[in-house]
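Scroll down for the structure; my scribbles are underneath it.
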Amino acid sequence: MAQERLLFIMDEYQEQPHLLDPHLELLLTQLLSIARDTNNPPGVIHEAFKYLYYVTKVRGYKIIVRYMPHEVADLEPVLELLTKQDPQDVETWETRYMLLIWLSIVVMIPFDMVKLDSNARLESGDTRRPIMDRILDTAKVYLCVQDKSLDAAAYLVSRFMTRPDVKNKKMAEFIDWALTTLHKANNSPTIMDMSSLCGVLMTVAGLYKHGKRDDIITYAPVIFEKLQACHMENSPNSVLRKYAIKITQRFGLTFLKAKVAAWRYQRGNRSLAENLSQNALSTKTSANLVHEQIEADTDEDYDIPDEMEDIIETLLDGLKDKSTIVRWSAAKGIGRVTGRLPKELADEVVGSVLELFTKQESDAAWHGGCLTLAELGRRGLLLPERLAEVVPVVIRALHYDEKRGNFSIGANVRDAACYVCWAFARAYDPQEMLAYVHQISSALVIVSLFDREVNVRRAASAAFQENVGRQGSFPHGIDILTTVDYFAVGNRNHCYLDLSVFVAKFAEYTQPIIDHLIEVKVSHWDIEMRELTSKALHNLTSLSMEYILSKGIPSLLPECTGIDLNLRHGSILCVSEMVAACAICDSSRKLLDILGSEGIEGLRQLVPKLTSTKLFRGLGGELMRKASCHFISRLSESHIPFQGQDIIGIWQELLNDCLLHVQTDVQQAAKDALPAFTTEFYNTGDKNAQATIIEKYLQQLDCNVETTRMGYSLALGSLPAFMLYGKLDLVLQGLMKCMVPGEKTKQWAGARRDAVRAISSVCQTVGLDAKDDGKGCLNVNSALQVYDCYLKALTDYTLDSRGDVGAWIREASMNALKELTSLVIAYDASILTPTLVETIFSSLVQQACEKIDRTRAIAAEVFIALLYHQPEVPHIPHHTQLCSAFPKSDAEKINWLVPKVTFPMFTKLLSLEKYRYSVLLGLTVAVGGLTESLVKHSGYSLINYLNAQSSEALQVFLKTVVEIFRDHLKVDRVIVPMLNMVNQLLTKGIFFSLSEEESRYFSTEIVTLSKHEIARSKNPQKVMAAADVFCELLQFQGDTKKKSLIQLMIFLCHPYPRVRKSTADKLYEALMTYSDPEEDENMEDILGKLSETKWDDNVSVVRPIRNELCHLLNITPPVVKAKKN
């Protein structure tokens, strides 16, 4: 418990670990006092070190080690405790790690190690080994382990070797050991050797970091030669490659003398306040901006060893590594090494880095190149003269995106390019960056708004903010960064649809934003990005309509029939949205005047060209169909002047063809296009054309293909009111007929669901008028027919391989019921008779108690909506009690998907006569279901309710159970859960409070109904559920017990082995529970035969044993009936 509490507290400090600093000394003192106390058990000591590790993990070992005691008296105890540890113990690795970290500071005591050696003899008679040897030997052991201790051991050795006394006596010896281990481990693929290799490389890297140049330069050529011979760049282990790069850069820094390059660029003033002041640029002078001379070094002062060429080449190759940690290490290495090179050689390094930014190079090379440019710029090694070459490269990297199959690569490149921009903002004076402000600001704004990845958008936003603060010359910087901030760019839709419009209002960014969308994002590989691009262009059109008309539409229209699928799809969507936006923005002019005859002709020829080139077929055909439907919809809304032309027939044919498509999203696109299309081109008074479409759609409702029915049902539901006038009754009857399941169509749940949705749409479109003749509006008769249709749909429980697909129909019907009831109340509430309202509410509460979460939630939401509907729904049964059980304030906050919340509320309705049957029918399916959480919460609610009821209420409840059982005989959907529920109720002893007569009635009815249900049943689940019930009925005496035993004996010879075995197990448990062995002298034999017999053997083997059981139980053995000829 304490460990979990400490972990929780430490996790709170992960993001700001420095806040721990005031408490570190106290924490470490207390923990180390426990660890130092030798009287404490080993387990307590290990626990103390484990807690120390948790603190170290958060704050970092480099900080923690400063707070550890490091006196001479600590050396022997720490080393002794470390020596006693088992390096292979996986439970105590935190102890070993912390001891090694502790030892790394203790060994730095300012005394010669020889003075600490003791001449005392050990028990064996040998002289104690020198402490220097013991430390190194112990460390070498931990340089070959496979846990975190390896890191601490490498740190310990790299620090220990820097001591003057250790360096003189042990450096050469240790380097020999390291090279031997390196050669041996590199030629062996075992895990242990890989760990040894990693430990050696980490140690050498640390040694060349902490050691003095004069002490370690002697060994560098030899180690570098051996390292190159190992070819670490080919190792599959990224950690080994990283340390190889790290060592290489350390060698480079060792070969070159430490000096500050005189030629490096230094920014004179980095004050944010001055940068943001109005006269920031005017007060700057070139004297404090460029090339400040640090010391009068000349090129002759540089001594460049021959190894440097190989080192720089290795580092440049590291920039192309497939692992990010290797590329990052190489980038930092190039930055450090370049700072010690003469200007000419450093410029060559920069040139080599810039060569990575070509199309032939991988994304890894681009990423490594960006990291390196950022490092060089940050260190002042990228001179302003190079910015003319570097900035275009960075701009290209900001938009780097390469498609690979169904995904793309390049997000890391764009993120690194944002880091470059961030680094440049801090590195260069505004005067140097002034020429590139427009390019960088536009690029960063575009990336922060339109990049697909949220981390890249946020990186670009941070870089933009840094440039605004440091440079002070970004156009409208403060206005933009206060709106397009880190949190705002987290939502992609918000970026495309809202923030882009805000930024584009500033003239400097309008055209770059539109250009980027048209040239780049319109052909993006992600379909969602293309759709967002089209919507963004729609919103941006009002800000630069002339530019859209002059460049946007003319440039994209030819691409609508191009070769590239992504570009073709995006172009159609964007052209559609831009045309619609132009029509809205300039509504006073006709579209012909806005687009011109050439533009109108291009739009007219689009669909025919796609049809003639067969682009609606094959790969991408679905995308083209959806895009073309959207195109037709948007142009229809724009009132394009195509009335009476042949193109209308072509568009109509395409929409009809899409309604036949097997993909539902294609059908949906055609359905969405129909209202605008028919309103624009068929609302001309031509009744024949309208009748032709209606007749065609109605004919397709009789089609023998489910998807065709689905598409044309949706189409009929989407038609405007003028199309339905005079044909309303035909449409409703056609859709209702489509909902009647036939022999071939009983599995077509999708078609029936869409028919329900279509009827609901038609009702909402035409409205209701009780006095109407039914030609243009719903009247009383048609409204009642629709109600009857919806209520029948609520009884659809179609099952197929996908499960309860009838739930689709029931859910659509419940939503339709709510909409129709609202419509009826608004016009004529007298249609809602008491019987109809009772049926509606009873059906809703049944659905609210069933097993599917989504269905229950919809039912509950519709139930609450109608219960508190304004104006009120008349004749609601038990209205007052319902409002009390479901308070409005609570009902609005409840998540109806949660069974723990839903079932207790609806179970209360069992006490209401009008809802008892429906609630119990729904609960039966839930309580007897298969889902553990569902059964748990529904069963718990039911048991709690029954425990609080009187015997009279229980009697009413039992009669309802029997009634439901009888009404649903041979309906497996209800009966199997019913048997499971009855079994649960009997197991819980719910009926102990009933009188003997009432118990006899219930038990007799259950036995009779169960026998009738399982007669000739071949469903093993049902038979086993019935066996469970018969076993629980053994608690009743008399005829019920006898009949139950007979059925159980029959089951013991059932054809299915698992039924026989399950029955025997359950019967054994029931007899142990409900029988008294002292009263029945045969009980011991009965239980013995049940437990010892292998009931899944052949029936001929177990039947004699079964018959013996029958005699022991005093019942007649069942006889197999002879089959009739």
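Labels used: A, B, ... for chains in the order of the structure tokens, numbers from 1 for residues in each chain, and numbers from 1 for ligands as shown.
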Contacts of stretch 823-832 of chain A at 12 Å (only C-alpha atoms; same-chain gap of 2+ positions) as a ChimeraX atom specification: /A:760-761,763-772,777-787,816-821,834-840,866,869-876
Residues of stretch 439-539 of chain A in helix (DSSP H, G or I), written as a PyMOL selection string: chain A and resi 439-450+454-471+477-483+488-490+492-504+507-519+521-523+527-539
Give me, as a ChimeraX atom specification, all polymer residues having an atom no more than 8 Å from stretch 392-394 of chain A, counting only C-alpha atoms and skipping those fewer than 6 positions away in the same chain. /A:354,357,370,417,420-421
May I have the selected residues written with all heavy atoms, as a compact mmCIF listing (two decimals), in the first residue's frame?
# COMPACT_ATOMS: atom_id res chain seq x y z
N LEU A 354 23.09 19.48 -46.26
CA LEU A 354 22.06 19.94 -47.20
C LEU A 354 21.85 18.94 -48.34
O LEU A 354 20.77 18.91 -48.94
CB LEU A 354 22.45 21.31 -47.76
CG LEU A 354 22.38 22.47 -46.76
CD1 LEU A 354 22.91 23.75 -47.39
CD2 LEU A 354 20.96 22.68 -46.26
N PHE A 357 18.76 16.46 -48.38
CA PHE A 357 17.39 16.88 -48.69
C PHE A 357 17.11 16.74 -50.18
O PHE A 357 16.90 17.72 -50.88
CB PHE A 357 17.17 18.32 -48.22
CG PHE A 357 17.29 18.50 -46.74
CD1 PHE A 357 18.49 18.92 -46.17
CD2 PHE A 357 16.23 18.21 -45.89
CE1 PHE A 357 18.62 19.08 -44.80
CE2 PHE A 357 16.35 18.37 -44.51
CZ PHE A 357 17.55 18.79 -43.98
N CYS A 370 17.17 17.64 -40.69
CA CYS A 370 16.48 18.72 -39.97
C CYS A 370 17.01 18.87 -38.55
O CYS A 370 17.25 19.99 -38.08
CB CYS A 370 14.97 18.46 -39.94
SG CYS A 370 14.14 18.73 -41.50
N ALA A 417 11.24 19.74 -38.72
CA ALA A 417 11.34 21.03 -39.44
C ALA A 417 10.77 22.16 -38.58
O ALA A 417 11.29 23.29 -38.60
CB ALA A 417 10.59 20.94 -40.76
N VAL A 420 13.44 23.13 -36.30
CA VAL A 420 14.42 23.99 -36.98
C VAL A 420 13.95 25.45 -36.93
O VAL A 420 14.72 26.36 -36.59
CB VAL A 420 14.64 23.54 -38.43
CG1 VAL A 420 15.58 24.50 -39.15
CG2 VAL A 420 15.19 22.12 -38.48
N CYS A 421 12.69 25.66 -37.25
CA CYS A 421 12.15 27.04 -37.22
C CYS A 421 12.20 27.61 -35.80
O CYS A 421 12.50 28.80 -35.62
CB CYS A 421 10.72 27.04 -37.74
SG CYS A 421 10.56 26.56 -39.48
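Ranking A:Arg1106, A:Lys169, A:His639, A:Arg213 by their shortest atom-to-atom distance to A:Phe681, with only C-alpha atoms included, puts A:His639 first.
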Using only C-alpha atoms, the shortest atom-to-atom distance to A:Gln690 among A:Gly726, A:Pro22, A:Gly717, A:Gly252 belongs to A:Gly726
Stretch 152-161 of chain A surroundings by only C-alpha atoms, 6 Å radius, close-in-sequence under 6 positions cut, as JSON, numbers by chain: {"A": [97, 100, 101, 104, 139, 142, 143, 167, 202, 203, 206, 207]}
Residues from last step as file, all heavy atoms, as an mmCIF file, in the first residue's frame:
data_model
loop_
_atom_site.group_PDB
_atom_site.id
_atom_site.type_symbol
_atom_site.label_atom_id
_atom_site.label_comp_id
_atom_site.auth_asym_id
_atom_site.auth_seq_id
_atom_site.Cartn_x
_atom_site.Cartn_y
_atom_site.Cartn_z
ATOM 1 N N TYR A 97 21.084 -1.264 -8.574
ATOM 2 C CA TYR A 97 21.187 -0.016 -9.350
ATOM 3 C C TYR A 97 21.541 1.159 -8.441
ATOM 4 O O TYR A 97 22.456 1.940 -8.735
ATOM 5 C CB TYR A 97 19.857 0.235 -10.060
ATOM 6 C CG TYR A 97 19.800 1.551 -10.811
ATOM 7 C CD1 TYR A 97 20.382 1.681 -12.077
ATOM 8 C CD2 TYR A 97 19.167 2.660 -10.261
ATOM 9 C CE1 TYR A 97 20.332 2.884 -12.760
ATOM 10 C CE2 TYR A 97 19.109 3.865 -10.933
ATOM 11 C CZ TYR A 97 19.688 3.971 -12.185
ATOM 12 O OH TYR A 97 19.648 5.174 -12.853
ATOM 13 N N LEU A 100 25.164 1.031 -7.063
ATOM 14 C CA LEU A 100 26.152 1.427 -8.072
ATOM 15 C C LEU A 100 26.159 2.944 -8.254
ATOM 16 O O LEU A 100 27.226 3.560 -8.401
ATOM 17 C CB LEU A 100 25.845 0.727 -9.402
ATOM 18 C CG LEU A 100 26.165 -0.780 -9.442
ATOM 19 C CD1 LEU A 100 25.480 -1.440 -10.622
ATOM 20 C CD2 LEU A 100 27.672 -1.000 -9.517
ATOM 21 N N ILE A 101 24.963 3.554 -8.256
ATOM 22 C CA ILE A 101 24.894 5.018 -8.351
ATOM 23 C C ILE A 101 25.556 5.663 -7.131
ATOM 24 O O ILE A 101 26.313 6.640 -7.237
ATOM 25 C CB ILE A 101 23.420 5.467 -8.480
ATOM 26 C CG1 ILE A 101 22.840 5.032 -9.842
ATOM 27 C CG2 ILE A 101 23.295 6.975 -8.317
ATOM 28 C CD1 ILE A 101 23.465 5.695 -11.039
ATOM 29 N N SER A 104 29.240 5.481 -7.319
ATOM 30 C CA SER A 104 29.852 6.370 -8.316
ATOM 31 C C SER A 104 30.252 7.718 -7.734
ATOM 32 O O SER A 104 31.159 8.374 -8.249
ATOM 33 C CB SER A 104 28.884 6.570 -9.487
ATOM 34 O OG SER A 104 27.777 7.351 -9.097
ATOM 35 N N ALA A 139 32.341 -3.864 -10.800
ATOM 36 C CA ALA A 139 31.711 -3.103 -11.877
ATOM 37 C C ALA A 139 31.679 -3.896 -13.173
ATOM 38 O O ALA A 139 30.699 -3.839 -13.929
ATOM 39 C CB ALA A 139 32.447 -1.786 -12.072
ATOM 40 N N TYR A 142 28.730 -6.157 -13.433
ATOM 41 C CA TYR A 142 27.463 -5.497 -13.737
ATOM 42 C C TYR A 142 27.451 -4.838 -15.111
ATOM 43 O O TYR A 142 26.398 -4.381 -15.555
ATOM 44 C CB TYR A 142 27.147 -4.467 -12.647
ATOM 45 C CG TYR A 142 26.733 -5.117 -11.358
ATOM 46 C CD1 TYR A 142 27.623 -5.226 -10.284
ATOM 47 C CD2 TYR A 142 25.472 -5.666 -11.209
ATOM 48 C CE1 TYR A 142 27.247 -5.841 -9.108
ATOM 49 C CE2 TYR A 142 25.084 -6.283 -10.037
ATOM 50 C CZ TYR A 142 25.977 -6.375 -8.987
ATOM 51 O OH TYR A 142 25.594 -6.988 -7.823
ATOM 52 N N LEU A 143 28.602 -4.801 -15.776
ATOM 53 C CA LEU A 143 28.614 -4.329 -17.159
ATOM 54 C C LEU A 143 28.108 -5.393 -18.123
ATOM 55 O O LEU A 143 27.963 -5.117 -19.319
ATOM 56 C CB LEU A 143 30.029 -3.896 -17.569
ATOM 57 C CG LEU A 143 30.524 -2.561 -17.018
ATOM 58 C CD1 LEU A 143 31.962 -2.317 -17.446
ATOM 59 C CD2 LEU A 143 29.639 -1.418 -17.479
ATOM 60 N N LYS A 167 43.601 6.111 -13.152
ATOM 61 C CA LYS A 167 43.994 6.296 -14.555
ATOM 62 C C LYS A 167 45.403 5.758 -14.793
ATOM 63 O O LYS A 167 45.665 5.046 -15.773
ATOM 64 C CB LYS A 167 43.911 7.776 -14.900
ATOM 65 C CG LYS A 167 44.497 8.153 -16.247
ATOM 66 C CD LYS A 167 44.815 9.629 -16.302
ATOM 67 C CE LYS A 167 45.929 9.948 -15.309
ATOM 68 N NZ LYS A 167 46.331 11.360 -15.311
ATOM 69 N N MET A 202 28.712 1.773 -23.604
ATOM 70 C CA MET A 202 28.250 2.831 -22.705
ATOM 71 C C MET A 202 29.391 3.357 -21.838
ATOM 72 O O MET A 202 29.513 4.565 -21.601
ATOM 73 C CB MET A 202 27.117 2.307 -21.810
ATOM 74 C CG MET A 202 25.822 2.049 -22.531
ATOM 75 S SD MET A 202 24.583 1.275 -21.467
ATOM 76 C CE MET A 202 24.252 2.604 -20.331
ATOM 77 N N THR A 203 30.237 2.434 -21.376
ATOM 78 C CA THR A 203 31.351 2.839 -20.515
ATOM 79 C C THR A 203 32.360 3.681 -21.279
ATOM 80 O O THR A 203 32.825 4.721 -20.780
ATOM 81 C CB THR A 203 32.041 1.596 -19.937
ATOM 82 O OG1 THR A 203 31.068 0.776 -19.289
ATOM 83 C CG2 THR A 203 33.118 1.989 -18.939
ATOM 84 N N GLY A 206 30.975 7.105 -21.828
ATOM 85 C CA GLY A 206 31.060 7.907 -20.616
ATOM 86 C C GLY A 206 32.479 8.301 -20.276
ATOM 87 O O GLY A 206 32.734 9.415 -19.793
ATOM 88 N N LEU A 207 33.420 7.403 -20.542
ATOM 89 C CA LEU A 207 34.831 7.687 -20.266
ATOM 90 C C LEU A 207 35.329 8.861 -21.091
ATOM 91 O O LEU A 207 36.033 9.752 -20.587
ATOM 92 C CB LEU A 207 35.657 6.430 -20.557
ATOM 93 C CG LEU A 207 37.141 6.453 -20.177
ATOM 94 C CD1 LEU A 207 37.305 6.658 -18.687
ATOM 95 C CD2 LEU A 207 37.803 5.157 -20.612
#
With only C-alpha atoms as the counted atoms, please give the residues lying no more than 10 Å from stretch 1087-1104 of chain A, apart from itself and same-chain residues fewer than 3 positions off, as a ChimeraX atom specification. /A:1049-1050,1052-1069,1071-1072,1077,1082-1084,1107-1110,1117-1118
Neighbours of A:Thr324 within 9 Å (only C-alpha atoms; same-chain residues fewer than 3 positions away dropped), as a PyMOL selection string? chain A and resi 238+319+321+327-329+364+367-368
Hey, what's within 12 Å of A:Glu892 if we count only C-alpha atoms and toss same-chain stuff fewer than 2 positions away? As a list in words, please? Ala860, Glu861, Val862, Phe863, Ile864, Ala865, Tyr868, Phe886, Pro887, Lys888, Ser889, Asp890, Ile894, Asn895 and Trp896 of chain A
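Closest approach to A:Leu373 among A:Cys703, A:Ile334, A:Leu398, A:Leu341 is made by A:Ile334 (distances from only C-alpha atoms).
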Name the closest residue to A:Met739 among the candidates A:Ala758, A:Val974, A:Leu381, A:Met723; distances are taken between atoms, counting only C-alpha atoms. A:Ala758
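The interatomic distance for the pair atom CA of A:Pro977 and atom CA of A:Val925 works out to 5.3 Å.
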Just list the residues in stretch 736-861 of chain A DSSP gives strand (DSSP E or B) on the backbone, as a PyMOL selection string. chain A and resi 768+778+799-800+803-804
Could the residues in this selection be written to a file with N, CA and C atoms, as a PDB file, in the first residue's frame?
ATOM      1  N   LEU A 768     -48.997  16.524 -41.019  1.00  0.00           N
ATOM      2  CA  LEU A 768     -50.257  15.861 -40.697  1.00  0.00           C
ATOM      3  C   LEU A 768     -51.396  16.875 -40.697  1.00  0.00           C
ATOM      4  N   LEU A 778     -50.509  13.461 -44.096  1.00  0.00           N
ATOM      5  CA  LEU A 778     -51.054  12.341 -43.346  1.00  0.00           C
ATOM      6  C   LEU A 778     -52.414  12.730 -42.776  1.00  0.00           C
ATOM      7  N   LEU A 799     -32.523 -12.717 -36.431  1.00  0.00           N
ATOM      8  CA  LEU A 799     -31.155 -13.118 -36.094  1.00  0.00           C
ATOM      9  C   LEU A 799     -30.453 -13.627 -37.339  1.00  0.00           C
ATOM     10  N   ASP A 800     -29.177 -13.284 -37.480  1.00  0.00           N
ATOM     11  CA  ASP A 800     -28.346 -13.900 -38.507  1.00  0.00           C
ATOM     12  C   ASP A 800     -26.933 -14.019 -37.958  1.00  0.00           C
ATOM     13  N   GLY A 803     -25.724 -11.493 -35.478  1.00  0.00           N
ATOM     14  CA  GLY A 803     -26.387 -11.367 -34.184  1.00  0.00           C
ATOM     15  C   GLY A 803     -27.816 -10.880 -34.325  1.00  0.00           C
ATOM     16  N   ASP A 804     -28.260 -10.099 -33.353  1.00  0.00           N
ATOM     17  CA  ASP A 804     -29.634  -9.593 -33.324  1.00  0.00           C
ATOM     18  C   ASP A 804     -29.736  -8.364 -34.240  1.00  0.00           C
TER      19      ASP A 804
END
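Note that atom CA of A:Gly380 and atom CA of A:Glu344 are 14.9 Å apart.
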